[in-house]
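Reproduced below: entry_33.cif, with mmCIF, C-alpha atoms.
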```
data_target
#
loop_
_atom_site.group_PDB
_atom_site.id
_atom_site.type_symbol
_atom_site.label_atom_id
_atom_site.label_comp_id
_atom_site.auth_asym_id
_atom_site.auth_seq_id
_atom_site.Cartn_x
_atom_site.Cartn_y
_atom_site.Cartn_z
ATOM 1 C CA MET L 1 44.332 60.203 25.324
ATOM 2 C CA LYS L 2 45.544 57.327 23.193
ATOM 3 C CA ARG L 3 49.013 58.840 23.234
ATOM 4 C CA LEU L 4 48.942 59.068 26.993
ATOM 5 C CA LEU L 5 47.982 55.433 27.227
ATOM 6 C CA PHE L 6 50.897 54.434 25.026
ATOM 7 C CA LEU L 7 53.241 56.569 27.088
ATOM 8 C CA LEU L 8 52.006 54.858 30.242
ATOM 9 C CA ILE L 9 52.427 51.433 28.752
ATOM 10 C CA GLY L 10 55.914 52.388 27.593
ATOM 11 C CA ALA L 11 56.852 53.582 31.066
ATOM 12 C CA ALA L 12 55.403 50.478 32.642
ATOM 13 C CA LEU L 13 57.337 48.291 30.230
ATOM 14 C CA ALA L 14 60.556 50.048 31.143
ATOM 15 C CA ALA L 15 59.731 49.414 34.795
ATOM 16 C CA SER L 16 58.868 45.809 34.106
ATOM 17 C CA ALA L 17 62.249 45.318 32.443
ATOM 18 C CA PHE L 18 63.751 46.077 35.832
ATOM 19 C CA ALA L 19 61.321 43.844 37.625
ATOM 20 C CA GLN L 20 62.178 41.037 35.244
ATOM 21 C CA ASP L 21 65.803 41.158 36.242
ATOM 22 C CA LYS L 22 65.214 38.991 39.248
ATOM 23 C CA LYS L 23 67.456 36.019 38.749
ATOM 24 C CA PRO L 24 70.822 37.644 39.503
ATOM 25 C CA ALA L 25 69.284 39.415 42.490
ATOM 26 C CA LYS L 26 67.960 36.130 43.769
ATOM 27 C CA LYS L 27 71.335 34.503 43.462
ATOM 28 C CA ALA L 28 73.111 37.415 45.146
ATOM 29 C CA ALA L 29 70.542 37.477 47.918
ATOM 30 C CA ALA L 30 70.905 33.763 48.487
ATOM 31 C CA GLN L 31 74.643 34.190 48.698
ATOM 32 C CA ALA L 32 74.313 37.145 51.052
ATOM 33 C CA GLU L 33 72.001 35.184 53.299
ATOM 34 C CA LYS L 34 74.329 32.235 53.312
ATOM 35 C CA ALA L 35 77.261 34.465 54.204
ATOM 36 C CA ALA L 36 75.224 36.161 56.916
ATOM 37 C CA ASP L 37 74.197 32.847 58.431
ATOM 38 C CA LYS L 38 77.743 31.607 58.378
ATOM 39 C CA ALA L 39 79.704 34.541 59.621
ATOM 40 C CA PRO L 40 77.856 36.991 61.859
ATOM 41 C CA GLN L 41 80.455 36.763 64.617
ATOM 42 C CA GLN L 42 83.300 37.160 62.191
ATOM 43 C CA LEU L 43 81.764 40.274 60.664
ATOM 44 C CA ALA L 44 80.873 41.782 64.014
ATOM 45 C CA ALA L 45 84.422 41.254 65.206
ATOM 46 C CA ALA L 46 85.792 42.974 62.116
ATOM 47 C CA SER L 47 83.315 45.855 62.261
ATOM 48 C CA PRO L 48 84.871 48.058 64.984
ATOM 49 C CA ALA L 49 87.668 48.838 62.525
ATOM 50 C CA ILE L 50 85.149 50.735 60.370
ATOM 51 C CA PRO L 51 85.253 54.452 61.271
ATOM 52 C CA THR L 52 82.044 55.497 63.017
ATOM 53 C CA GLU L 53 81.494 58.511 60.780
ATOM 54 C CA ASN L 54 81.266 56.284 57.714
ATOM 55 C CA PHE L 55 79.411 53.479 59.357
ATOM 56 C CA HIS L 56 76.169 54.308 57.586
ATOM 57 C CA ALA L 57 77.896 53.820 54.222
ATOM 58 C CA GLN L 58 76.313 50.369 54.044
ATOM 59 C CA CYS L 59 72.813 51.960 54.224
ATOM 60 C CA ILE L 60 73.255 54.789 51.718
ATOM 61 C CA GLY L 61 73.181 52.582 48.629
ATOM 62 C CA CYS L 62 69.470 51.906 49.125
ATOM 63 C CA HIS L 63 68.171 54.305 51.795
ATOM 64 C CA GLY L 64 70.130 57.351 50.627
ATOM 65 C CA ILE L 65 68.558 57.652 47.187
ATOM 66 C CA PRO L 66 65.224 59.469 47.151
ATOM 67 C CA GLY L 67 62.579 57.344 45.439
ATOM 68 C CA TYR L 68 64.789 54.236 45.198
ATOM 69 C CA LYS L 69 62.988 50.923 44.843
ATOM 70 C CA THR L 70 63.821 47.375 45.833
ATOM 71 C CA ALA L 71 64.388 44.865 43.044
ATOM 72 C CA PHE L 72 63.880 41.716 45.093
ATOM 73 C CA PRO L 73 61.764 39.904 46.146
ATOM 74 C CA GLU L 74 59.086 42.481 45.258
ATOM 75 C CA VAL L 75 59.290 45.966 43.837
ATOM 76 C CA TYR L 76 58.348 48.765 46.215
ATOM 77 C CA HIS L 77 59.943 51.921 47.612
ATOM 78 C CA VAL L 78 62.750 51.447 50.096
ATOM 79 C CA PRO L 79 61.416 53.171 53.219
ATOM 80 C CA LYS L 80 62.641 56.549 54.377
ATOM 81 C CA ILE L 81 64.676 56.086 57.537
ATOM 82 C CA ALA L 82 66.143 59.560 58.041
ATOM 83 C CA GLY L 83 64.117 61.220 60.791
ATOM 84 C CA GLN L 84 62.622 57.915 61.959
ATOM 85 C CA GLN L 85 62.454 57.163 65.685
ATOM 86 C CA PRO L 86 65.778 55.633 66.842
ATOM 87 C CA GLY L 87 63.933 53.051 68.958
ATOM 88 C CA TYR L 88 62.013 51.845 65.924
ATOM 89 C CA ILE L 89 65.174 51.615 63.792
ATOM 90 C CA ILE L 90 66.786 49.408 66.450
ATOM 91 C CA ALA L 91 63.650 47.264 66.697
ATOM 92 C CA ALA L 92 63.584 46.851 62.915
ATOM 93 C CA LEU L 93 67.277 45.903 62.721
ATOM 94 C CA LYS L 94 66.840 43.359 65.509
ATOM 95 C CA ALA L 95 63.810 41.868 63.801
ATOM 96 C CA TYR L 96 65.785 41.511 60.555
ATOM 97 C CA LYS L 97 68.730 39.979 62.407
ATOM 98 C CA SER L 98 66.551 37.406 64.147
ATOM 99 C CA GLY L 99 64.806 36.549 60.896
ATOM 100 C CA GLU L 100 61.457 37.794 62.174
ATOM 101 C CA ARG L 101 61.404 40.281 59.291
ATOM 102 C CA SER L 102 62.386 38.717 56.044
ATOM 103 C CA HIS L 103 63.908 41.053 53.474
ATOM 104 C CA PRO L 104 67.071 39.218 52.272
ATOM 105 C CA SER L 105 69.357 42.262 51.919
ATOM 106 C CA MET L 106 68.308 43.672 55.263
ATOM 107 C CA ARG L 107 68.691 40.298 56.905
ATOM 108 C CA GLY L 108 72.264 40.045 55.633
ATOM 109 C CA ILE L 109 73.197 43.544 56.757
ATOM 110 C CA ALA L 110 71.463 43.394 60.143
ATOM 111 C CA ALA L 111 73.055 40.035 60.923
ATOM 112 C CA SER L 112 76.475 41.703 60.710
ATOM 113 C CA LEU L 113 75.605 44.353 63.308
ATOM 114 C CA ASN L 114 75.999 44.142 67.065
ATOM 115 C CA GLU L 115 73.794 46.078 69.449
ATOM 116 C CA ASP L 116 76.152 49.057 69.803
ATOM 117 C CA GLN L 117 76.389 49.390 66.047
ATOM 118 C CA MET L 118 72.604 49.286 65.684
ATOM 119 C CA LYS L 119 72.371 51.999 68.310
ATOM 120 C CA ALA L 120 74.920 54.166 66.509
ATOM 121 C CA LEU L 121 73.034 53.854 63.216
ATOM 122 C CA ALA L 122 69.708 54.567 64.903
ATOM 123 C CA GLU L 123 71.081 57.712 66.504
ATOM 124 C CA TYR L 124 72.608 58.835 63.239
ATOM 125 C CA TYR L 125 69.425 58.394 61.209
ATOM 126 C CA GLY L 126 67.126 59.481 64.001
ATOM 127 C CA ALA L 127 68.735 62.913 64.166
ATOM 128 C CA PRO L 128 66.560 65.723 62.773
ATOM 129 C CA ALA L 129 67.175 67.066 59.250
ATOM 130 C CA LYS L 130 70.093 69.469 58.896
ATOM 131 C CA MET E 1 51.568 36.502 21.858
ATOM 132 C CA SER E 2 54.444 37.714 23.984
ATOM 133 C CA ARG E 3 53.577 41.219 22.875
ATOM 134 C CA VAL E 4 50.106 40.886 24.310
ATOM 135 C CA PHE E 5 51.643 39.540 27.489
ATOM 136 C CA PHE E 6 53.961 42.520 27.825
ATOM 137 C CA ILE E 7 51.164 44.974 27.217
ATOM 138 C CA LEU E 8 49.084 43.286 29.896
ATOM 139 C CA LEU E 9 52.029 43.161 32.264
ATOM 140 C CA GLY E 10 52.802 46.794 31.530
ATOM 141 C CA THR E 11 49.234 47.872 32.198
ATOM 142 C CA ALA E 12 49.136 45.916 35.418
ATOM 143 C CA LEU E 13 52.362 47.536 36.566
ATOM 144 C CA ALA E 14 51.181 50.995 35.594
ATOM 145 C CA LEU E 15 48.045 50.474 37.644
ATOM 146 C CA ASN E 16 50.081 49.185 40.554
ATOM 147 C CA VAL E 17 52.461 52.107 40.662
ATOM 148 C CA HIS E 18 49.704 54.665 41.215
ATOM 149 C CA ALA E 19 48.363 55.283 44.667
ATOM 150 C CA ARG E 20 44.864 53.905 44.593
ATOM 151 C CA GLY E 21 43.813 54.757 48.112
ATOM 152 C CA ASN E 22 41.503 57.584 49.120
ATOM 153 C CA ALA E 23 43.358 59.833 51.553
ATOM 154 C CA GLU E 24 40.172 61.383 53.003
ATOM 155 C CA LYS E 25 38.765 57.972 53.875
ATOM 156 C CA GLY E 26 42.182 57.032 55.198
ATOM 157 C CA LYS E 27 42.106 60.043 57.487
ATOM 158 C CA GLN E 28 38.836 58.888 59.035
ATOM 159 C CA LYS E 29 40.048 55.338 59.442
ATOM 160 C CA ALA E 30 43.337 56.554 60.922
ATOM 161 C CA ALA E 31 41.452 58.552 63.550
ATOM 162 C CA GLN E 32 39.680 55.364 64.669
ATOM 163 C CA VAL E 33 42.463 52.801 64.398
ATOM 164 C CA CYS E 34 45.955 54.329 64.250
ATOM 165 C CA ALA E 35 45.879 57.772 65.877
ATOM 166 C CA ALA E 36 46.059 56.638 69.512
ATOM 167 C CA CYS E 37 49.582 55.301 69.008
ATOM 168 C CA HIS E 38 50.906 56.983 65.845
ATOM 169 C CA GLY E 39 49.158 60.381 66.080
ATOM 170 C CA PRO E 40 46.327 61.546 63.781
ATOM 171 C CA ASP E 41 48.725 62.320 60.913
ATOM 172 C CA GLY E 42 51.250 59.606 61.771
ATOM 173 C CA ASN E 43 53.802 62.038 63.109
ATOM 174 C CA LYS E 44 53.483 61.545 66.870
ATOM 175 C CA PRO E 45 54.381 58.009 67.930
ATOM 176 C CA SER E 46 53.441 57.419 71.569
ATOM 177 C CA ALA E 47 56.389 55.095 72.303
ATOM 178 C CA PRO E 48 60.040 55.246 71.200
ATOM 179 C CA ASP E 49 59.904 51.968 69.300
ATOM 180 C CA GLN E 50 56.916 52.958 67.175
ATOM 181 C CA PRO E 51 57.552 54.405 63.727
ATOM 182 C CA VAL E 52 56.754 57.792 62.244
ATOM 183 C CA LEU E 53 54.327 57.103 59.379
ATOM 184 C CA ALA E 54 53.772 60.624 58.029
ATOM 185 C CA GLY E 55 55.530 61.131 54.713
ATOM 186 C CA GLN E 56 56.548 57.482 54.330
ATOM 187 C CA TYR E 57 56.187 55.952 50.862
ATOM 188 C CA TYR E 58 52.690 54.788 49.889
ATOM 189 C CA ASP E 59 53.719 51.355 48.671
ATOM 190 C CA TYR E 60 55.936 50.661 51.676
ATOM 191 C CA LEU E 61 53.121 51.529 54.094
ATOM 192 C CA ALA E 62 50.640 49.368 52.204
ATOM 193 C CA ARG E 63 53.100 46.510 52.188
ATOM 194 C CA ALA E 64 53.843 46.826 55.908
ATOM 195 C CA LEU E 65 50.134 46.729 56.774
ATOM 196 C CA GLY E 66 49.637 43.765 54.470
ATOM 197 C CA ASP E 67 52.590 41.968 56.079
ATOM 198 C CA TYR E 68 51.156 42.522 59.567
ATOM 199 C CA LYS E 69 47.750 41.352 58.412
ATOM 200 C CA ASN E 70 48.992 38.130 56.846
ATOM 201 C CA GLY E 71 51.561 37.426 59.563
ATOM 202 C CA ARG E 72 54.722 37.984 57.545
ATOM 203 C CA ARG E 73 55.566 40.636 60.085
ATOM 204 C CA ASN E 74 54.887 39.475 63.554
ATOM 205 C CA ASN E 75 53.940 42.198 65.990
ATOM 206 C CA PRO E 76 51.035 41.258 68.256
ATOM 207 C CA ILE E 77 49.672 44.811 68.515
ATOM 208 C CA MET E 78 49.925 45.565 64.814
ATOM 209 C CA LYS E 79 48.545 42.170 63.897
ATOM 210 C CA GLY E 80 45.433 42.995 65.907
ATOM 211 C CA PHE E 81 44.910 46.319 64.172
ATOM 212 C CA ALA E 82 45.954 45.383 60.643
ATOM 213 C CA GLY E 83 43.949 42.153 60.859
ATOM 214 C CA GLN E 84 40.693 44.077 60.928
ATOM 215 C CA LEU E 85 41.536 46.192 57.871
ATOM 216 C CA THR E 86 40.275 45.460 54.376
ATOM 217 C CA LYS E 87 42.522 45.837 51.331
ATOM 218 C CA GLN E 88 40.722 49.098 50.583
ATOM 219 C CA ASP E 89 41.307 50.334 54.161
ATOM 220 C CA ILE E 90 45.007 49.592 53.787
ATOM 221 C CA GLU E 91 45.210 51.552 50.544
ATOM 222 C CA ASP E 92 43.266 54.465 52.026
ATOM 223 C CA LEU E 93 45.492 54.573 55.113
ATOM 224 C CA ALA E 94 48.647 54.383 53.020
ATOM 225 C CA ALA E 95 47.324 57.254 50.869
ATOM 226 C CA TRP E 96 46.582 59.329 53.987
ATOM 227 C CA PHE E 97 49.871 58.847 55.801
ATOM 228 C CA SER E 98 52.059 59.091 52.702
ATOM 229 C CA SER E 99 50.454 62.422 51.786
ATOM 230 C CA GLN E 100 51.331 64.083 55.115
ATOM 231 C CA THR E 101 53.997 66.606 54.253
ATOM 232 C CA THR E 102 54.872 67.980 57.703
ATOM 233 C CA SER E 103 56.825 64.859 58.530
ATOM 234 C CA ALA E 104 59.895 64.142 60.604
ATOM 235 C CA LEU E 105 60.945 61.764 57.823
ATOM 236 C CA HIS E 106 63.139 63.165 55.108
ATOM 237 C CA ASP E 107 65.159 62.020 52.114
ATOM 238 C CA GLN E 108 68.587 63.164 53.219
ATOM 239 C CA ARG E 109 71.540 60.765 53.467
#
```
What do you get writing this file as structure tokens?
Amino acid sequence: MKRLLFLLIGAALAASAFAQDKKPAKKAAAQAEKAADKAPQQLAAASPAIPTENFHAQCIGCHGIPGYKTAFPEVYHVPKIAGQQPGYIIAALKAYKSGERSHPSMRGIAASLNEDQMKALAEYYGAPAK
Amino acid sequence: MSRVFFILLGTALALNVHARGNAEKGKQKAAQVCAACHGPDGNKPSAPDQPVLAGQYYDYLARALGDYKNGRRNNPIMKGFAGQLTKQDIEDLAAWFSSQTTSALHDQR
């Protein structure tokens, strides 16, 4: 019992070490937000050059890892989006783009997407499991 | 001193990580509040722009409900429903929906 408690505390400490690492994330997020505010048109104009079949590459880093957690601003599981309703994915991306939803990374990414690109991502992730 | 702090912090985190909600109570609450739009197990949204909840992560669901309740997420319908939930209700509902295994949601990609 005592051993279990120590194991738990150890695990929690390891987790807290991650949670502590907030400063760089904050800085990066601030930069990302700044960039997103400044250059949405620029990014959107550049985006059609990205091949459609790899367009979701920008999502995989967080949403493609089972059990992956956010590091900023709070620690919780990044939601599963594969199999989600396409209409909801579009609504979520729009809400991030407009600033109505406030996660910094998602705000930065959504701000770079135009409506067609949101639709393409929603259809890709909304498809049933293979 | 800092050791005590870390132990406290560690314990708090350990407690946080575990799902604290009661899925059975969540099921009952879901039938009253959520089922009409999301389906009894969170797998049958009634409109295309409503999310599948079944199989979603516990902590994400709890956070989303909390965000609707406190206005960080601003959806008039969800604000109405989440606003009437207690913290315990939110945890119970998150436990219920996250434990539904026959979900459209999956981990791939």
- Message: I'd like the residues picked by the PyMOL selection byres ((chain L and resi 97) around 7) written out as a count of residues only, using the chain letters and numbers from the file.
- Response: 9
- When you draw a straight line from atom CA of Arg63 of chain E to atom CA of Phe55 of chain L, how long is it in Å? 28.1 Å
- Task: Step by step, work through what the PyMOL selection byres ((chain E and resi 59) around 9) selects in the shown file, and finish by giving those residues as an NGL selection string.
- Result: (:L and (76-77)) or (:E and (17 or 19 or 56-58 or 60-64 or 91 or 94-95 or 98))
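Take the candidates E:Arg73, E:Arg20, E:Lys29, E:Arg3 and check each one against Arg101 of chain L using only C-alpha atoms; the shortest distance goes to E:Arg73.
Of note, atom CA of Pro40 of chain E and atom CA of Glu100 of chain L are spaced 28.2 Å apart.
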- Message: As a check of understanding, name the residues that the PyMOL selection byres ((chain E and resi 79) around 12) selects in the supplied structure, as a ChimeraX atom specification.
- Response: /E:64-78,80-85
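Taking atom CA of Glu24 of chain E as the reference point, atom CA of Ile90 of chain E is found at 12.8 Å.
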- Message: List the spatial neighbours of Glu115 of chain L as a list in words - criterion: any atom at most 9 Å away, only C-alpha atoms, same-chain residues fewer than 4 positions off excluded.
- Response: Ile90, Lys94, Lys119 and Ala120 of chain L
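Each of E:Gly39, E:Gly26, E:Pro51, E:Gly21 was compared to chain L using all atoms listed in the file, and E:Pro51 turns out to be the nearest.
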Excluding Gly42 of chain E and any residue of its chain fewer than 3 positions from it, enumerate the residues within 12 Å of it, using only C-alpha atoms, and give them as a PDB file with C-alpha atoms, keeping the file's coordinate frame.
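Now in result_38.pdb:
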```
ATOM      1  CA  GLN L  84      62.622  57.915  61.959  1.00  0.00           C
TER       2      GLN L  84
ATOM      3  CA  GLY E  26      42.182  57.032  55.198  1.00  0.00           C
ATOM      4  CA  LYS E  27      42.106  60.043  57.487  1.00  0.00           C
ATOM      5  CA  ALA E  30      43.337  56.554  60.922  1.00  0.00           C
ATOM      6  CA  ALA E  31      41.452  58.552  63.550  1.00  0.00           C
ATOM      7  CA  VAL E  33      42.463  52.801  64.398  1.00  0.00           C
ATOM      8  CA  CYS E  34      45.955  54.329  64.250  1.00  0.00           C
ATOM      9  CA  ALA E  35      45.879  57.772  65.877  1.00  0.00           C
ATOM     10  CA  ALA E  36      46.059  56.638  69.512  1.00  0.00           C
ATOM     11  CA  CYS E  37      49.582  55.301  69.008  1.00  0.00           C
ATOM     12  CA  HIS E  38      50.906  56.983  65.845  1.00  0.00           C
ATOM     13  CA  GLY E  39      49.158  60.381  66.080  1.00  0.00           C
ATOM     14  CA  PRO E  45      54.381  58.009  67.930  1.00  0.00           C
ATOM     15  CA  SER E  46      53.441  57.419  71.569  1.00  0.00           C
ATOM     16  CA  GLN E  50      56.916  52.958  67.175  1.00  0.00           C
ATOM     17  CA  PRO E  51      57.552  54.405  63.727  1.00  0.00           C
ATOM     18  CA  VAL E  52      56.754  57.792  62.244  1.00  0.00           C
ATOM     19  CA  LEU E  53      54.327  57.103  59.379  1.00  0.00           C
ATOM     20  CA  ALA E  54      53.772  60.624  58.029  1.00  0.00           C
ATOM     21  CA  GLY E  55      55.530  61.131  54.713  1.00  0.00           C
ATOM     22  CA  GLN E  56      56.548  57.482  54.330  1.00  0.00           C
ATOM     23  CA  LEU E  61      53.121  51.529  54.094  1.00  0.00           C
ATOM     24  CA  LEU E  93      45.492  54.573  55.113  1.00  0.00           C
ATOM     25  CA  ALA E  94      48.647  54.383  53.020  1.00  0.00           C
ATOM     26  CA  ALA E  95      47.324  57.254  50.869  1.00  0.00           C
ATOM     27  CA  TRP E  96      46.582  59.329  53.987  1.00  0.00           C
ATOM     28  CA  PHE E  97      49.871  58.847  55.801  1.00  0.00           C
ATOM     29  CA  SER E  98      52.059  59.091  52.702  1.00  0.00           C
ATOM     30  CA  SER E  99      50.454  62.422  51.786  1.00  0.00           C
ATOM     31  CA  GLN E 100      51.331  64.083  55.115  1.00  0.00           C
ATOM     32  CA  THR E 101      53.997  66.606  54.253  1.00  0.00           C
ATOM     33  CA  THR E 102      54.872  67.980  57.703  1.00  0.00           C
ATOM     34  CA  SER E 103      56.825  64.859  58.530  1.00  0.00           C
ATOM     35  CA  ALA E 104      59.895  64.142  60.604  1.00  0.00           C
ATOM     36  CA  LEU E 105      60.945  61.764  57.823  1.00  0.00           C
TER      37      LEU E 105
END
```
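Minimum atom-to-atom distance to Ile81 of chain L, evaluated using all atoms listed in the file, belongs to L:His63 out of L:His103, L:His63, L:Lys69, L:His56.
The list of residues with at least one atom within 8 Å of Ala122 of chain L, based on only C-alpha atoms and without residues fewer than 6 positions apart in the same chain, reads L:Gln85, L:Pro86, L:Gly87, L:Ile89, L:Ile90.
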Regenerate segment 29-46 of chain E at the level of N, CA and C atoms and dump it as a tab-separated table (two decimals), in the frame of the given file.
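Contents of the output file part-v6.tsv:
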```
chain	number	residue	atom	x	y	z
E	29	LYS	N	39.66	56.65	58.90
E	29	LYS	CA	40.05	55.34	59.44
E	29	LYS	C	41.21	55.49	60.43
E	30	ALA	N	42.16	56.34	60.07
E	30	ALA	CA	43.34	56.55	60.92
E	30	ALA	C	42.92	57.08	62.29
E	31	ALA	N	41.91	57.98	62.29
E	31	ALA	CA	41.45	58.55	63.55
E	31	ALA	C	40.90	57.46	64.46
E	32	GLN	N	40.26	56.44	63.86
E	32	GLN	CA	39.68	55.36	64.67
E	32	GLN	C	40.72	54.34	65.10
E	33	VAL	N	41.62	53.98	64.17
E	33	VAL	CA	42.46	52.80	64.40
E	33	VAL	C	43.90	53.15	64.80
E	34	CYS	N	44.51	54.15	64.14
E	34	CYS	CA	45.96	54.33	64.25
E	34	CYS	C	46.36	55.47	65.18
E	35	ALA	N	45.48	56.50	65.27
E	35	ALA	CA	45.88	57.77	65.88
E	35	ALA	C	46.34	57.64	67.32
E	36	ALA	N	45.74	56.75	68.10
E	36	ALA	CA	46.06	56.64	69.51
E	36	ALA	C	47.54	56.37	69.72
E	37	CYS	N	48.15	55.59	68.86
E	37	CYS	CA	49.58	55.30	69.01
E	37	CYS	C	50.47	56.13	68.08
E	38	HIS	N	50.02	56.35	66.83
E	38	HIS	CA	50.91	56.98	65.84
E	38	HIS	C	50.63	58.48	65.67
E	39	GLY	N	49.56	58.99	66.30
E	39	GLY	CA	49.16	60.38	66.08
E	39	GLY	C	48.24	60.46	64.88
E	40	PRO	N	47.34	61.47	64.85
E	40	PRO	CA	46.33	61.55	63.78
E	40	PRO	C	46.93	61.60	62.37
E	41	ASP	N	48.10	62.26	62.24
E	41	ASP	CA	48.72	62.32	60.91
E	41	ASP	C	49.95	61.41	60.82
E	42	GLY	N	50.14	60.56	61.82
E	42	GLY	CA	51.25	59.61	61.77
E	42	GLY	C	52.59	60.19	62.15
E	43	ASN	N	52.54	61.34	62.80
E	43	ASN	CA	53.80	62.04	63.11
E	43	ASN	C	54.13	62.08	64.59
E	44	LYS	N	53.25	61.47	65.43
E	44	LYS	CA	53.48	61.54	66.87
E	44	LYS	C	53.39	60.16	67.52
E	45	PRO	N	54.41	59.33	67.30
E	45	PRO	CA	54.38	58.01	67.93
E	45	PRO	C	54.36	58.16	69.45
E	46	SER	N	53.59	57.29	70.12
E	46	SER	CA	53.44	57.42	71.57
E	46	SER	C	54.52	56.65	72.32
```
